[in-house]
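Note sheet for the following structure.
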2 protein chains.
Amino acid sequence: MEKKERKIMVAVDESQESMYALSWCITNLISDTTTTNNNNPTYNKLVLLYVRPPSAFYSLDAAGYVFSTDVIDAMEKYSIQLANSVMERAEATCRNLNATNIKMERVVGIGDAKNVICSAVKKLQADTLVMGSHGYGFFKRALLGSVSDHCAKNAKCPVVIVKQP
Amino acid sequence: MEKKERKIMVAVDESQESMYALSWCITNLISDTTTTNNNNPTYNKLVLLYVRPPSAFYSLDAAGYVFSTDVIDAMEKYSIQLANSVMERAEATCRNLNATNIKMERVVGIGDAKNVICSAVKKLQADTLVMGSHGYGFFKRALLGSVSDHCAKNAKCPVVIVKQP
């Protein structure tokens, strides 16, 4: 533990469960900005990670027609707005728990959530990853496996899976 | 968060990885015996859970012959000694991290690890479960699924999966 900064990454999305995971993280992992352990103060840094689907995902509709550039632009804009609104909700969650003095960083990734989360852990050298347990709905999960399953197996750091009670 | 005591359960076994998970837990989740959050002091209690296989597991050898009572007794004795030695290693790990003032409890369960762990979480009302990511070897995992996978899905509390780097 020679590292002085501890980077805690929380994967946030539109779900209530991911906000619950964030609250759990603040209450249980980051109770103070500094944790004194063996006389070495450790500074916590909270990284909020949101993953939005790739634009290409939107370029064909169900019937296979190519959308016009206008539609793609509008969807792209919507996706960016969604990312911002999730980040704002996350920051409001932090404020509600009086966690205003935590060093915070917003990161938005684009792509398949489970791959983006695992590679963000590696790239940003997160010390802990916190996420909700959901992922997809029942059928999609049966087909694709849940995001949290994949990350628990593949992320290169301890992973906390938080289920909403 | 009206609860004043926070119960953190760590599933320990013979593996190095489970001792690493325990160290992670002490360093990251239980840095102090009391965590001050919103002016409500929370007392941490560490529950060390070890699961040993059921005795019936030993009552037939590979060829199907029934062991003599002496052999069963000897194996039972060995299994109890193993449980004690794991618990002692776990407590030594705590001492090495200067975590001597944590309230601690030893719990030994008997049965299939994944089911025993999940039911212990429920029965003892653990607030967080911490465990290593391994479980079984490659083939057994492919057949039975890993213990940590099962617990991450089924335990009724946040689950931390710690991989040894």
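Chain identifiers are assigned as A, B, and so on, following the order in which chains appear in the structure tokens; residues are numbered from 1 within each chain, and ligands are numbered from 1 in order of appearance.
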**Request:** Write out as a PyMOL selection string which residues come within 12 Å of Ala21 of chain A when counting only C-alpha atoms, dropping same-chain ones fewer than 6 positions away.
**Result:** (chain A and resi 9-13+15+27-29+48+90+93-94+129-134+159-165) or (chain B and resi 157-159)
Could you name the residues that touch Val86 of chain B at 12 Å or less, counting only C-alpha atoms, but leaving out those on the same chain fewer than 5 positions away, as a short mmCIF file (atom, residue, chain, number, x, y, z; two decimals) with N, CA and C atoms, in the first residue's frame?
data_model
loop_
_atom_site.label_atom_id
_atom_site.label_comp_id
_atom_site.auth_asym_id
_atom_site.auth_seq_id
_atom_site.Cartn_x
_atom_site.Cartn_y
_atom_site.Cartn_z
N ALA B 11 -15.51 -14.65 3.63
CA ALA B 11 -15.45 -16.10 3.44
C ALA B 11 -13.98 -16.48 3.29
N VAL B 12 -13.47 -17.25 4.25
CA VAL B 12 -12.06 -17.65 4.20
C VAL B 12 -11.95 -19.15 3.93
N ASP B 13 -10.89 -19.53 3.25
CA ASP B 13 -10.61 -20.95 3.05
C ASP B 13 -9.10 -21.16 2.99
N GLU B 14 -8.66 -22.30 2.48
CA GLU B 14 -7.24 -22.64 2.50
C GLU B 14 -6.43 -21.76 1.54
N SER B 15 -7.10 -21.08 0.62
CA SER B 15 -6.37 -20.39 -0.45
C SER B 15 -5.71 -19.09 0.00
N GLN B 16 -4.61 -18.79 -0.68
CA GLN B 16 -3.90 -17.54 -0.48
C GLN B 16 -4.83 -16.38 -0.85
N SER B 18 -8.02 -16.05 -0.55
CA SER B 18 -9.02 -15.65 0.46
C SER B 18 -8.35 -14.81 1.56
N MET B 19 -7.07 -15.08 1.84
CA MET B 19 -6.36 -14.27 2.83
C MET B 19 -6.09 -12.87 2.26
N LEU B 22 -9.23 -10.97 2.64
CA LEU B 22 -9.36 -10.51 4.02
C LEU B 22 -8.52 -9.25 4.26
N LEU B 48 -15.65 -14.02 10.34
CA LEU B 48 -14.85 -14.93 9.50
C LEU B 48 -15.65 -16.20 9.30
N LEU B 49 -15.98 -16.49 8.04
CA LEU B 49 -16.78 -17.69 7.75
C LEU B 49 -15.95 -18.72 7.01
N TYR B 50 -15.89 -19.91 7.56
CA TYR B 50 -15.21 -21.01 6.88
C TYR B 50 -16.23 -22.11 6.66
N VAL B 51 -16.25 -22.66 5.45
CA VAL B 51 -17.20 -23.74 5.17
C VAL B 51 -16.43 -25.03 4.94
N ARG B 52 -16.75 -26.06 5.73
CA ARG B 52 -16.11 -27.34 5.45
C ARG B 52 -17.11 -28.30 4.82
N SER B 79 -10.64 -32.45 9.06
CA SER B 79 -11.45 -31.33 8.55
C SER B 79 -11.62 -30.25 9.62
N ILE B 80 -11.78 -30.67 10.86
CA ILE B 80 -11.92 -29.71 11.96
C ILE B 80 -10.60 -28.98 12.19
N GLN B 81 -9.49 -29.75 12.11
CA GLN B 81 -8.17 -29.14 12.27
C GLN B 81 -7.91 -28.11 11.17
N GLU B 91 -6.77 -14.89 11.53
CA GLU B 91 -6.56 -13.99 12.66
C GLU B 91 -5.14 -13.43 12.65
N ALA B 92 -4.18 -14.24 12.19
CA ALA B 92 -2.80 -13.75 12.08
C ALA B 92 -2.73 -12.64 11.03
N THR B 93 -3.48 -12.81 9.93
CA THR B 93 -3.55 -11.78 8.88
C THR B 93 -4.06 -10.47 9.48
N ARG B 106 -15.89 -15.99 14.75
CA ARG B 106 -15.58 -17.12 13.86
C ARG B 106 -16.85 -17.92 13.63
N VAL B 107 -17.14 -18.21 12.40
CA VAL B 107 -18.30 -19.05 12.10
C VAL B 107 -17.83 -20.17 11.17
N VAL B 108 -18.12 -21.41 11.53
CA VAL B 108 -17.80 -22.53 10.65
C VAL B 108 -19.09 -23.17 10.18
#
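Distance-wise, atom CA of Asp149 of chain A and atom CA of Ile102 of chain A end up 28.4 Å apart.
DSSP annotation of segment 69-107 of chain B from backbone atoms: helix (DSSP H, G or I) residues are Thr69, Asp70, Val71, Ile72, Asp73, Ala74, Met75, Glu76, Lys77, Tyr78, Ser79, Ile80, Gln81, Leu82, Ala83, Asn84, Ser85, Val86, Met87, Glu88, Arg89, Ala90, Glu91, Ala92, Thr93, Cys94, Arg95 and Asn96 of chain B.
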Write a file of the just-selected residues containing N, CA, C and O atoms, as an mmCIF file, in the first residue's frame.
data_model
loop_
_atom_site.group_PDB
_atom_site.id
_atom_site.type_symbol
_atom_site.label_atom_id
_atom_site.label_comp_id
_atom_site.auth_asym_id
_atom_site.auth_seq_id
_atom_site.Cartn_x
_atom_site.Cartn_y
_atom_site.Cartn_z
ATOM 1 N N THR B 69 -15.391 -46.679 10.077
ATOM 2 C CA THR B 69 -15.698 -45.550 10.960
ATOM 3 C C THR B 69 -14.418 -44.839 11.385
ATOM 4 O O THR B 69 -14.398 -43.610 11.527
ATOM 5 N N ASP B 70 -13.345 -45.618 11.567
ATOM 6 C CA ASP B 70 -12.059 -45.026 11.947
ATOM 7 C C ASP B 70 -11.585 -43.998 10.922
ATOM 8 O O ASP B 70 -11.151 -42.907 11.273
ATOM 9 N N VAL B 71 -11.691 -44.394 9.651
ATOM 10 C CA VAL B 71 -11.248 -43.489 8.585
ATOM 11 C C VAL B 71 -12.123 -42.233 8.571
ATOM 12 O O VAL B 71 -11.624 -41.115 8.459
ATOM 13 N N ILE B 72 -13.417 -42.440 8.697
ATOM 14 C CA ILE B 72 -14.331 -41.284 8.708
ATOM 15 C C ILE B 72 -13.992 -40.370 9.882
ATOM 16 O O ILE B 72 -13.889 -39.153 9.724
ATOM 17 N N ASP B 73 -13.776 -40.954 11.033
ATOM 18 C CA ASP B 73 -13.413 -40.161 12.209
ATOM 19 C C ASP B 73 -12.134 -39.367 11.971
ATOM 20 O O ASP B 73 -12.057 -38.189 12.312
ATOM 21 N N ALA B 74 -11.139 -40.037 11.387
ATOM 22 C CA ALA B 74 -9.858 -39.384 11.134
ATOM 23 C C ALA B 74 -10.036 -38.210 10.169
ATOM 24 O O ALA B 74 -9.449 -37.138 10.342
ATOM 25 N N MET B 75 -10.876 -38.419 9.142
ATOM 26 C CA MET B 75 -11.103 -37.368 8.155
ATOM 27 C C MET B 75 -11.883 -36.214 8.762
ATOM 28 O O MET B 75 -11.622 -35.046 8.470
ATOM 29 N N GLU B 76 -12.838 -36.561 9.595
ATOM 30 C CA GLU B 76 -13.624 -35.550 10.307
ATOM 31 C C GLU B 76 -12.691 -34.696 11.176
ATOM 32 O O GLU B 76 -12.787 -33.471 11.176
ATOM 33 N N LYS B 77 -11.782 -35.383 11.850
ATOM 34 C CA LYS B 77 -10.834 -34.708 12.724
ATOM 35 C C LYS B 77 -9.935 -33.781 11.894
ATOM 36 O O LYS B 77 -9.678 -32.633 12.263
ATOM 37 N N TYR B 78 -9.481 -34.308 10.758
ATOM 38 C CA TYR B 78 -8.634 -33.518 9.862
ATOM 39 C C TYR B 78 -9.371 -32.267 9.394
ATOM 40 O O TYR B 78 -8.809 -31.159 9.361
ATOM 41 N N SER B 79 -10.639 -32.446 9.056
ATOM 42 C CA SER B 79 -11.451 -31.332 8.548
ATOM 43 C C SER B 79 -11.623 -30.250 9.615
ATOM 44 O O SER B 79 -11.589 -29.058 9.320
ATOM 45 N N ILE B 80 -11.778 -30.675 10.863
ATOM 46 C CA ILE B 80 -11.919 -29.709 11.956
ATOM 47 C C ILE B 80 -10.596 -28.977 12.190
ATOM 48 O O ILE B 80 -10.570 -27.751 12.363
ATOM 49 N N GLN B 81 -9.491 -29.751 12.114
ATOM 50 C CA GLN B 81 -8.168 -29.135 12.275
ATOM 51 C C GLN B 81 -7.907 -28.108 11.172
ATOM 52 O O GLN B 81 -7.364 -27.039 11.417
ATOM 53 N N LEU B 82 -8.341 -28.452 9.944
ATOM 54 C CA LEU B 82 -8.161 -27.554 8.802
ATOM 55 C C LEU B 82 -8.925 -26.247 9.048
ATOM 56 O O LEU B 82 -8.399 -25.153 8.835
ATOM 57 N N ALA B 83 -10.152 -26.387 9.530
ATOM 58 C CA ALA B 83 -10.976 -25.210 9.839
ATOM 59 C C ALA B 83 -10.257 -24.325 10.853
ATOM 60 O O ALA B 83 -10.149 -23.112 10.668
ATOM 61 N N ASN B 84 -9.732 -24.953 11.893
ATOM 62 C CA ASN B 84 -9.021 -24.183 12.921
ATOM 63 C C ASN B 84 -7.789 -23.498 12.361
ATOM 64 O O ASN B 84 -7.514 -22.341 12.669
ATOM 65 N N SER B 85 -7.052 -24.228 11.512
ATOM 66 C CA SER B 85 -5.813 -23.654 10.988
ATOM 67 C C SER B 85 -6.118 -22.477 10.048
ATOM 68 O O SER B 85 -5.412 -21.466 10.055
ATOM 69 N N VAL B 86 -7.195 -22.585 9.275
ATOM 70 C CA VAL B 86 -7.592 -21.459 8.410
ATOM 71 C C VAL B 86 -7.981 -20.256 9.267
ATOM 72 O O VAL B 86 -7.562 -19.120 9.010
ATOM 73 N N MET B 87 -8.749 -20.502 10.317
ATOM 74 C CA MET B 87 -9.173 -19.417 11.203
ATOM 75 C C MET B 87 -7.968 -18.746 11.857
ATOM 76 O O MET B 87 -7.935 -17.530 12.010
ATOM 77 N N GLU B 88 -6.982 -19.574 12.234
ATOM 78 C CA GLU B 88 -5.795 -19.003 12.874
ATOM 79 C C GLU B 88 -4.982 -18.159 11.895
ATOM 80 O O GLU B 88 -4.492 -17.095 12.242
ATOM 81 N N ARG B 89 -4.886 -18.660 10.661
ATOM 82 C CA ARG B 89 -4.191 -17.873 9.632
ATOM 83 C C ARG B 89 -4.912 -16.548 9.404
ATOM 84 O O ARG B 89 -4.283 -15.498 9.223
ATOM 85 N N ALA B 90 -6.243 -16.616 9.397
ATOM 86 C CA ALA B 90 -7.039 -15.397 9.174
ATOM 87 C C ALA B 90 -6.792 -14.399 10.302
ATOM 88 O O ALA B 90 -6.582 -13.206 10.048
ATOM 89 N N GLU B 91 -6.773 -14.895 11.527
ATOM 90 C CA GLU B 91 -6.560 -13.985 12.655
ATOM 91 C C GLU B 91 -5.142 -13.427 12.655
ATOM 92 O O GLU B 91 -4.930 -12.269 13.027
ATOM 93 N N ALA B 92 -4.177 -14.243 12.194
ATOM 94 C CA ALA B 92 -2.803 -13.748 12.077
ATOM 95 C C ALA B 92 -2.726 -12.637 11.026
ATOM 96 O O ALA B 92 -2.026 -11.637 11.208
ATOM 97 N N THR B 93 -3.482 -12.813 9.927
ATOM 98 C CA THR B 93 -3.546 -11.784 8.879
ATOM 99 C C THR B 93 -4.064 -10.465 9.476
ATOM 100 O O THR B 93 -3.544 -9.393 9.181
ATOM 101 N N CYS B 94 -5.083 -10.560 10.309
ATOM 102 C CA CYS B 94 -5.639 -9.364 10.951
ATOM 103 C C CYS B 94 -4.587 -8.714 11.847
ATOM 104 O O CYS B 94 -4.414 -7.498 11.826
ATOM 105 N N ARG B 95 -3.885 -9.540 12.637
ATOM 106 C CA ARG B 95 -2.864 -9.003 13.550
ATOM 107 C C ARG B 95 -1.756 -8.305 12.768
ATOM 108 O O ARG B 95 -1.300 -7.237 13.150
ATOM 109 N N ASN B 96 -1.346 -8.922 11.648
ATOM 110 C CA ASN B 96 -0.277 -8.334 10.834
ATOM 111 C C ASN B 96 -0.646 -6.957 10.300
ATOM 112 O O ASN B 96 0.225 -6.156 9.976
#
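In this model, the gap between atom CA of Val116 of chain B and atom CA of Ser148 of chain B comes to 12.2 Å.
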